[in-house]
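Asks: Can you keep this structure in mind? I'll have questions shortly.
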6 protein chains.
Amino acid sequence: MKAVYPGRFDPVTYGHLDVIKRARDIFSGVIVLCVEEPEKNVIFEAKERVEMLKEVTAGLSSVEVISFSGLLVDWLAKNKIKVVVRGLRMFCDFEYEFQMALTNKRLYPEAETVFLMTDEEHFYYSSSIVKELARFGRCPKGFVPRPVERRLKEKYGFS
Amino acid sequence: MKAVYPGRFDPVTYGHLDVIKRARDIFSGVIVLCVEEPEKNVIFEAKERVEMLKEVTAGLSSVEVISFSGLLVDWLAKNKIKVVVRGLRMFCDFEYEFQMALTNKRLYPEAETVFLMTDEEHFYYSSSIVKELARFGRCPKGFVPRPVERRLKEKYGFS
Amino acid sequence: MKAVYPGRFDPVTYGHLDVIKRARDIFSGVIVLCVEEPEKNVIFEAKERVEMLKEVTAGLSSVEVISFSGLLVDWLAKNKIKVVVRGLRMFCDFEYEFQMALTNKRLYPEAETVFLMTDEEHFYYSSSIVKELARFGRCPKGFVPRPVERRLKEKYGFS
Amino acid sequence: MKAVYPGRFDPVTYGHLDVIKRARDIFSGVIVLCVEEPEKNVIFEAKERVEMLKEVTAGLSSVEVISFSGLLVDWLAKNKIKVVVRGLRMFCDFEYEFQMALTNKRLYPEAETVFLMTDEEHFYYSSSIVKELARFGRCPKGFVPRPVERRLKEKYGFS
Amino acid sequence: MKAVYPGRFDPVTYGHLDVIKRARDIFSGVIVLCVEEPEKNVIFEAKERVEMLKEVTAGLSSVEVISFSGLLVDWLAKNKIKVVVRGLRMFCDFEYEFQMALTNKRLYPEAETVFLMTDEEHFYYSSSIVKELARFGRCPKGFVPRPVERRLKEKYGFS
Amino acid sequence: MKAVYPGRFDPVTYGHLDVIKRARDIFSGVIVLCVEEPEKNVIFEAKERVEMLKEVTAGLSSVEVISFSGLLVDWLAKNKIKVVVRGLRMFCDFEYEFQMALTNKRLYPEAETVFLMTDEEHFYYSSSIVKELARFGRCPKGFVPRPVERRLKEKYGFS
C-alpha cells in the first residue's frame, strides 16, 4: 500500500526526512506531496521546494516527489491513494491535524490519516525556526540537510 | 507488513473495534495483543477479555487475538513485528502515548508507533466510561458491541 | 434571563446553529450578535453574515440576530444583558476563550460567560474548514445549513 | 430553570462557593448535589461534606444541598432537571469534563452541561491542595470558608 | 549572575513588571531587552516601547533597558550573558517558549532559559488584550502601569 | 543565592541529574531535597533514594542532598531559601507544577519557583518509565546513572 505525505516543506528539514524514511519502512511507497499554495510567508517558491525535496530524497528508493495544488481529498480520490502520513512533532498543532483528519474522513471516507512520531533528535523544531534563523543570517546547521543549507546560504548570504 | 494493536481492552469497545478495522485496511494483518496485567481495577479477567475480543473480531479476516504478559518491545523483537498501532481518541492520554512511543523506539529502534484516529462517533469515550456506567447498573448500549453488552449484563444484572 | 451569543459567523455552521438551539432551551431568549469587524479574512461581509443568520434562525422563536461593532462589555452594559454564551468545540481556542471571559469579568463584573458544548456530530469543525473547502471549489455539505450552502455556491461557483 | 451542581466537595472551597453564587445569578435555583461515593481518598464522610455545604450556603436563597448516590443522568431524568453546572478552574480536568458531558448527553439527550469560570482569585486551586495542606498540619486559610477551616482544625489539630 | 528578559513589550504590562521584579530578586541584575522587530502589528514603535520600559522601571535598581535587533543567541554570546528569563502566563504559548528554549540551547549551549510564573493577579492577560481594549477606546486600567496608560490615552484619545 | 530542588527521585534519572547541573550553573548552591513520603508506589525507600542521589552527585561541588518530610513552604521559611527549582520535561504535569507554584507563593510569598528545561536527550522520560522497565526485568540503560543501574540490577535481578 502506498502512502502520501503532504506538506509545504518550506524548506524540508531533517525532521521531514526522518518521517519520509519511517513511512518508507512501513508502506510500499511514499509520495511526498509538496503543496504549492498558499505562497504567502514562504521563503522558497514551490518549484524550489520540490527541487530540494528531490535532492534530499534522491538516494531513497520508493520515494516520489510531486507538486500539488488543490484539495487533498480530491487528489486522494483521483489517485486511489488512501493513506495520508503526518509527522507528529512535540509542538505541532495537534488540533489542526485532528480536525483535518476528521474532515478528510468525512469528505472521503476511504481516507486514513496515519500519524508517525518524529525522531527525538528532531522532535521539537519546525520549518519556522529554520526560517527565523536564516532570516537573521544564521546557518540552521543540524536542522536541515546539506542541499537545503546550501540554498539558504545562497539566498541569505551567510557563511 | 503486520501490525500489533496492544491494550487492556477491559472491555473492548466500538472505538477499539473501529481501530482494528482501520488497521486491517492498511496492514496485511493485525494482531490484537491483550495485555494481561496489571489486573488491578479491571472488571474482566484477561481470559474473559480475550474471549470477548475473539467474539467481536470473529468475522474479520487477518485479525488475530493473543494474550500477552511482559514488555511490549520484547514481544516485538521476538516476533519480528515492528509496527505498533494505537488509536487516538479525543481525550486519550497523548503524553503517555508519546512517551511510550519514544521509549519503545529507544529500546527497540525498529519499533514504529502508528497512530490512527478513532471514528468521530466513537472519538470521545473510553473503557472507563463503559465501566462506570456498568457499575451503576446502566447498560452501555452504543458504546460496546453486543457480546460485551451481554457479558456486562450477566455480571451487573441490569436489563 | 436573556443571553447573548457573539461571533463572526463567517459563515454560520450547523455547529453554531446547535449552540443557538441549546442556548434557547436554557435561557428565555438568545441574541445572536454578529461581530462586524475585523473584516480581514472574512469571505462574507457583515451584512451577508447577518442575513444568513436570520435565514437559518427564521423558524426559531426567542432568537434575535443583531449586527454589532465595538467592545462586547460595552454592549452588555448598555443592554443590561449579563450572560454571554460561547460554544466549546473540540479544537476551539480554549485559552483565548478563557482569557476573554476573565477580561470581560474584570471590565464588567456583572458579565458571566457560559460555555456550552457543541453536539458530537459538529464538535470538531469550524468556519475555517468551511471556508477552506469552499475556496477549493468543494461544497461543505453537512457542515453548513442549506441557505449558507446556496450562497457559497453562488460565490464560488461549485455545483 | 433550575440547575444542578454535582461534585464530591471534599471539602467545599471558596472556588465551589463562587460557582454556586454565579449559577444562582443565572438560574432560578441551584441544587448542590453532593456525590457520596466513591468514599476512597476522601477526608470527610458524605454526611460531613453535606453539613459543611449547608453551613456555607445557609445565607443564600434558592440554593439547596442534597446527598446523592448513583448515576447523574438517572437523577436528572427522575427530577426533571436538565442543566448541569460545572466550574472550570485553570487546571481542572477538561478532558474528563468534556467526556462526561458528551456521555451524559448521549444517555439523556435533554441534559445540558453548562461550564462557568471560577473567579480569578480561586481559579487555580482545588480540594486536593486543601487536603494536602491540612494533612501536613497547615491551615488552608483563604482557600476554604470558615466553617470548613474550623472542621479541618478539629480533624487535624492545627492552630 | 545577570539575566536577560527579552520581549516586544508592546506595551509593557503589570505582568511584565512583575516578572522583572521577581527576576531582580533572584539574579544580580536584569537586562530588559526590547526586541525592535518585527514592527508589524505593534502599536508603539521600538523607541516608545523602550521609553515606557525605562519609565516604569525607573525606581528599580539593577534593572537596565536596552533596545535590540537580531538573534538572541548572538546577543548572549557577545555579552557573555547566559540566563534568559521568560514569564509564564496562564495562556502563554508554552510550545513556542519550549521550542525557542531548546533551539537557543542547541545554537548556544551555554544559554539557559529560566521560566518564572507571573503573579496570579496578572496571570491571564497579555499585551494583546491591552491593545484590543485600547483600540476600542477603553482604558486598560489595572492591566498597565500609569505611564503606559497615559500614552495609550494620548494615542487613542479615550478619557 | 541558593536554590532547592525537591522531588521523590525514585530513582534519580539522567534527566534529574541534568537539572541539578543546570541549577548549579545558575545558583550559588543547590540543595536536592528528597521527599520521603508518600512511600506508596515507590520502589526504593527514602534512605536508598538519598544514597543514590549522593552517589551520583558526589563529584559535583555546591550540591547537597537532604532527606525531607513535611510541607515544602515550611522548609523554605525555616531554612531561609526562597528559590525552588523544577525541571520541565516534555510530558511532565504542567498543571500540577503551576498549581503548586501558585499555592506555595500564596502560603509563603517569598517563594519563587524557577522552571528549567531538561536537556532534549532526557526530555521525554520520567522515573515511572524507569520503574516500568525494571519491573519487567529490563535494564533502563541510558535512562539512569550507573550507580542506579547497579541497584536496580540487584533488586530486580536482570543482567
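Chains: A, B, ... in order of the C-alpha cells. Residues: from 1 per chain. Ligands: from 1, in order shown.
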Excluding Asp25 in chain D and any residue of its chain fewer than 3 positions from it, enumerate the residues within 10 Å of it, using only C-alpha atoms, and give them as a list in words.
Replies: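 Residues near the query, excluding close chain neighbours: Met1, Lys82, Val83, Glu110 and Glu112 of chain C; Val19, Ile20, Lys21, Arg22, Ser28, Gly29, Val30 and Ser62 of chain D.
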Asks: Which parts of range 42-93 of chain B does DSSP call helix (DSSP H, G or I) when run on the backbone here, written out as a PyMOL selection string?
Replies: chain B and resi 46-56+72-79
Asks: Using only all heavy atoms, please write the residues we just selected to a file, as a short mmCIF file (atom, residue, chain, number, x, y, z; two decimals), in the first residue's frame.
Replies:
```cif
data_model
loop_
_atom_site.label_atom_id
_atom_site.label_comp_id
_atom_site.auth_asym_id
_atom_site.auth_seq_id
_atom_site.Cartn_x
_atom_site.Cartn_y
_atom_site.Cartn_z
N ALA B 46 -8.25 -11.39 32.31
CA ALA B 46 -7.60 -11.44 30.99
C ALA B 46 -8.28 -12.48 30.09
O ALA B 46 -8.54 -12.22 28.91
CB ALA B 46 -6.13 -11.76 31.16
N LYS B 47 -8.59 -13.63 30.66
CA LYS B 47 -9.22 -14.68 29.87
C LYS B 47 -10.54 -14.23 29.24
O LYS B 47 -10.80 -14.46 28.05
CB LYS B 47 -9.48 -15.91 30.77
CG LYS B 47 -9.84 -17.20 30.07
CD LYS B 47 -9.81 -18.36 31.06
CE LYS B 47 -10.78 -19.45 30.63
NZ LYS B 47 -12.21 -19.06 30.75
N GLU B 48 -11.34 -13.57 30.02
CA GLU B 48 -12.63 -13.06 29.51
C GLU B 48 -12.43 -11.97 28.46
O GLU B 48 -13.16 -11.88 27.48
CB GLU B 48 -13.46 -12.47 30.65
CG GLU B 48 -14.03 -13.50 31.60
CD GLU B 48 -14.74 -12.82 32.77
OE1 GLU B 48 -14.05 -12.21 33.62
OE2 GLU B 48 -15.98 -12.88 32.81
N ARG B 49 -11.46 -11.10 28.72
CA ARG B 49 -11.21 -10.00 27.78
C ARG B 49 -10.80 -10.55 26.41
O ARG B 49 -11.23 -10.06 25.38
CB ARG B 49 -10.13 -9.08 28.34
CG ARG B 49 -10.64 -8.20 29.50
CD ARG B 49 -9.56 -7.25 29.99
NE ARG B 49 -8.82 -7.78 31.12
CZ ARG B 49 -7.51 -7.69 31.30
NH1 ARG B 49 -6.77 -7.10 30.37
NH2 ARG B 49 -6.93 -8.22 32.36
N VAL B 50 -9.97 -11.59 26.45
CA VAL B 50 -9.55 -12.22 25.19
C VAL B 50 -10.74 -12.87 24.50
O VAL B 50 -10.93 -12.72 23.29
CB VAL B 50 -8.44 -13.26 25.46
CG1 VAL B 50 -8.22 -14.14 24.24
CG2 VAL B 50 -7.14 -12.56 25.85
N GLU B 51 -11.59 -13.55 25.27
CA GLU B 51 -12.77 -14.19 24.69
C GLU B 51 -13.67 -13.18 23.98
O GLU B 51 -14.14 -13.39 22.87
CB GLU B 51 -13.59 -14.90 25.78
CG GLU B 51 -13.02 -16.25 26.19
CD GLU B 51 -13.70 -16.80 27.46
OE1 GLU B 51 -14.78 -16.28 27.82
OE2 GLU B 51 -13.13 -17.71 28.08
N MET B 52 -13.89 -12.05 24.65
CA MET B 52 -14.73 -11.03 24.04
C MET B 52 -14.10 -10.48 22.77
O MET B 52 -14.78 -10.25 21.76
CB MET B 52 -15.00 -9.89 25.02
CG MET B 52 -16.02 -10.28 26.08
SD MET B 52 -16.42 -8.89 27.19
CE MET B 52 -14.97 -8.91 28.24
N LEU B 53 -12.78 -10.22 22.80
CA LEU B 53 -12.08 -9.74 21.61
C LEU B 53 -12.25 -10.73 20.47
O LEU B 53 -12.48 -10.34 19.32
CB LEU B 53 -10.59 -9.54 21.92
CG LEU B 53 -10.21 -8.23 22.59
CD1 LEU B 53 -8.80 -8.30 23.16
CD2 LEU B 53 -10.33 -7.07 21.61
N LYS B 54 -12.15 -12.04 20.79
CA LYS B 54 -12.29 -13.05 19.75
C LYS B 54 -13.71 -13.07 19.20
O LYS B 54 -13.92 -13.18 17.98
CB LYS B 54 -11.90 -14.43 20.30
CG LYS B 54 -10.38 -14.57 20.43
CD LYS B 54 -9.96 -15.97 20.86
CE LYS B 54 -8.43 -16.11 20.81
NZ LYS B 54 -7.94 -17.29 21.55
N GLU B 55 -14.69 -12.94 20.08
CA GLU B 55 -16.08 -12.92 19.61
C GLU B 55 -16.35 -11.76 18.66
O GLU B 55 -16.93 -11.92 17.59
CB GLU B 55 -17.05 -12.81 20.80
CG GLU B 55 -17.20 -14.10 21.58
CD GLU B 55 -18.14 -13.92 22.78
OE1 GLU B 55 -19.37 -13.87 22.58
OE2 GLU B 55 -17.62 -13.81 23.91
N VAL B 56 -15.90 -10.55 19.05
CA VAL B 56 -16.26 -9.38 18.24
C VAL B 56 -15.42 -9.26 16.96
O VAL B 56 -15.80 -8.52 16.04
CB VAL B 56 -16.18 -8.06 19.05
CG1 VAL B 56 -17.09 -8.13 20.28
CG2 VAL B 56 -14.76 -7.73 19.45
N LEU B 72 6.33 -4.85 25.93
CA LEU B 72 5.96 -4.86 24.51
C LEU B 72 7.17 -5.00 23.58
O LEU B 72 7.15 -5.80 22.64
CB LEU B 72 5.17 -3.59 24.17
CG LEU B 72 4.70 -3.47 22.72
CD1 LEU B 72 3.79 -4.62 22.33
CD2 LEU B 72 3.99 -2.15 22.48
N VAL B 73 8.24 -4.23 23.85
CA VAL B 73 9.39 -4.28 22.93
C VAL B 73 10.01 -5.68 22.86
O VAL B 73 10.54 -6.08 21.83
CB VAL B 73 10.48 -3.24 23.29
CG1 VAL B 73 10.02 -1.84 22.90
CG2 VAL B 73 10.88 -3.30 24.75
N ASP B 74 9.96 -6.41 23.96
CA ASP B 74 10.48 -7.79 23.93
C ASP B 74 9.63 -8.66 23.00
O ASP B 74 10.14 -9.47 22.23
CB ASP B 74 10.51 -8.38 25.34
CG ASP B 74 11.52 -7.66 26.23
OD1 ASP B 74 12.49 -7.10 25.69
OD2 ASP B 74 11.33 -7.66 27.45
N TRP B 75 8.32 -8.47 23.10
CA TRP B 75 7.42 -9.21 22.24
C TRP B 75 7.69 -8.87 20.77
O TRP B 75 7.74 -9.76 19.91
CB TRP B 75 5.96 -8.89 22.60
CG TRP B 75 4.95 -9.76 21.90
CD1 TRP B 75 4.44 -10.95 22.34
CD2 TRP B 75 4.39 -9.53 20.59
NE1 TRP B 75 3.58 -11.46 21.41
CE2 TRP B 75 3.52 -10.61 20.33
CE3 TRP B 75 4.52 -8.53 19.65
CZ2 TRP B 75 2.79 -10.71 19.16
CZ3 TRP B 75 3.79 -8.61 18.47
CH2 TRP B 75 2.95 -9.70 18.23
N LEU B 76 7.86 -7.60 20.49
CA LEU B 76 8.11 -7.14 19.12
C LEU B 76 9.38 -7.79 18.56
O LEU B 76 9.40 -8.33 17.45
CB LEU B 76 8.26 -5.62 19.07
CG LEU B 76 7.04 -4.76 19.40
CD1 LEU B 76 7.43 -3.28 19.46
CD2 LEU B 76 5.93 -4.97 18.39
N ALA B 77 10.45 -7.74 19.35
CA ALA B 77 11.74 -8.29 18.90
C ALA B 77 11.62 -9.79 18.64
O ALA B 77 12.12 -10.30 17.63
CB ALA B 77 12.80 -8.02 19.97
N LYS B 78 10.95 -10.47 19.56
CA LYS B 78 10.83 -11.91 19.45
C LYS B 78 9.99 -12.32 18.24
O LYS B 78 10.28 -13.31 17.55
CB LYS B 78 10.17 -12.47 20.73
CG LYS B 78 10.32 -13.97 20.91
CD LYS B 78 9.63 -14.42 22.20
CE LYS B 78 9.19 -15.87 22.06
NZ LYS B 78 8.12 -16.18 23.03
N ASN B 79 8.94 -11.55 17.95
CA ASN B 79 8.02 -11.89 16.88
C ASN B 79 8.29 -11.17 15.56
O ASN B 79 7.54 -11.32 14.61
CB ASN B 79 6.57 -11.61 17.32
CG ASN B 79 6.12 -12.55 18.43
OD1 ASN B 79 5.68 -13.66 18.15
ND2 ASN B 79 6.30 -12.15 19.68
#
```
Asks: Using only C-alpha atoms, what does the table of chain E residues within 7 Å of chain F look like, with each row giving the shortest atom pair and its distance in Å to one decimal, sorted by chain and ascending number, as JSON lines?
Replies:
```
{"residue": "E:Thr113", "atom": "CA", "partner": "F:Leu116", "partner_atom": "CA", "distance": 6.5}
{"residue": "E:Val114", "atom": "CA", "partner": "F:Leu116", "partner_atom": "CA", "distance": 5.4}
{"residue": "E:Phe115", "atom": "CA", "partner": "F:Phe115", "partner_atom": "CA", "distance": 4.9}
{"residue": "E:Leu116", "atom": "CA", "partner": "F:Val114", "partner_atom": "CA", "distance": 5.4}
```
Asks: Taking only C-alpha atoms into account, name the residue in B:Phe123, B:Tyr5, B:Phe68, B:Tyr156 that is nearest to Phe143 in chain B.
Replies: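 For Phe143 in chain B, the nearest of the given residues is B:Phe123.
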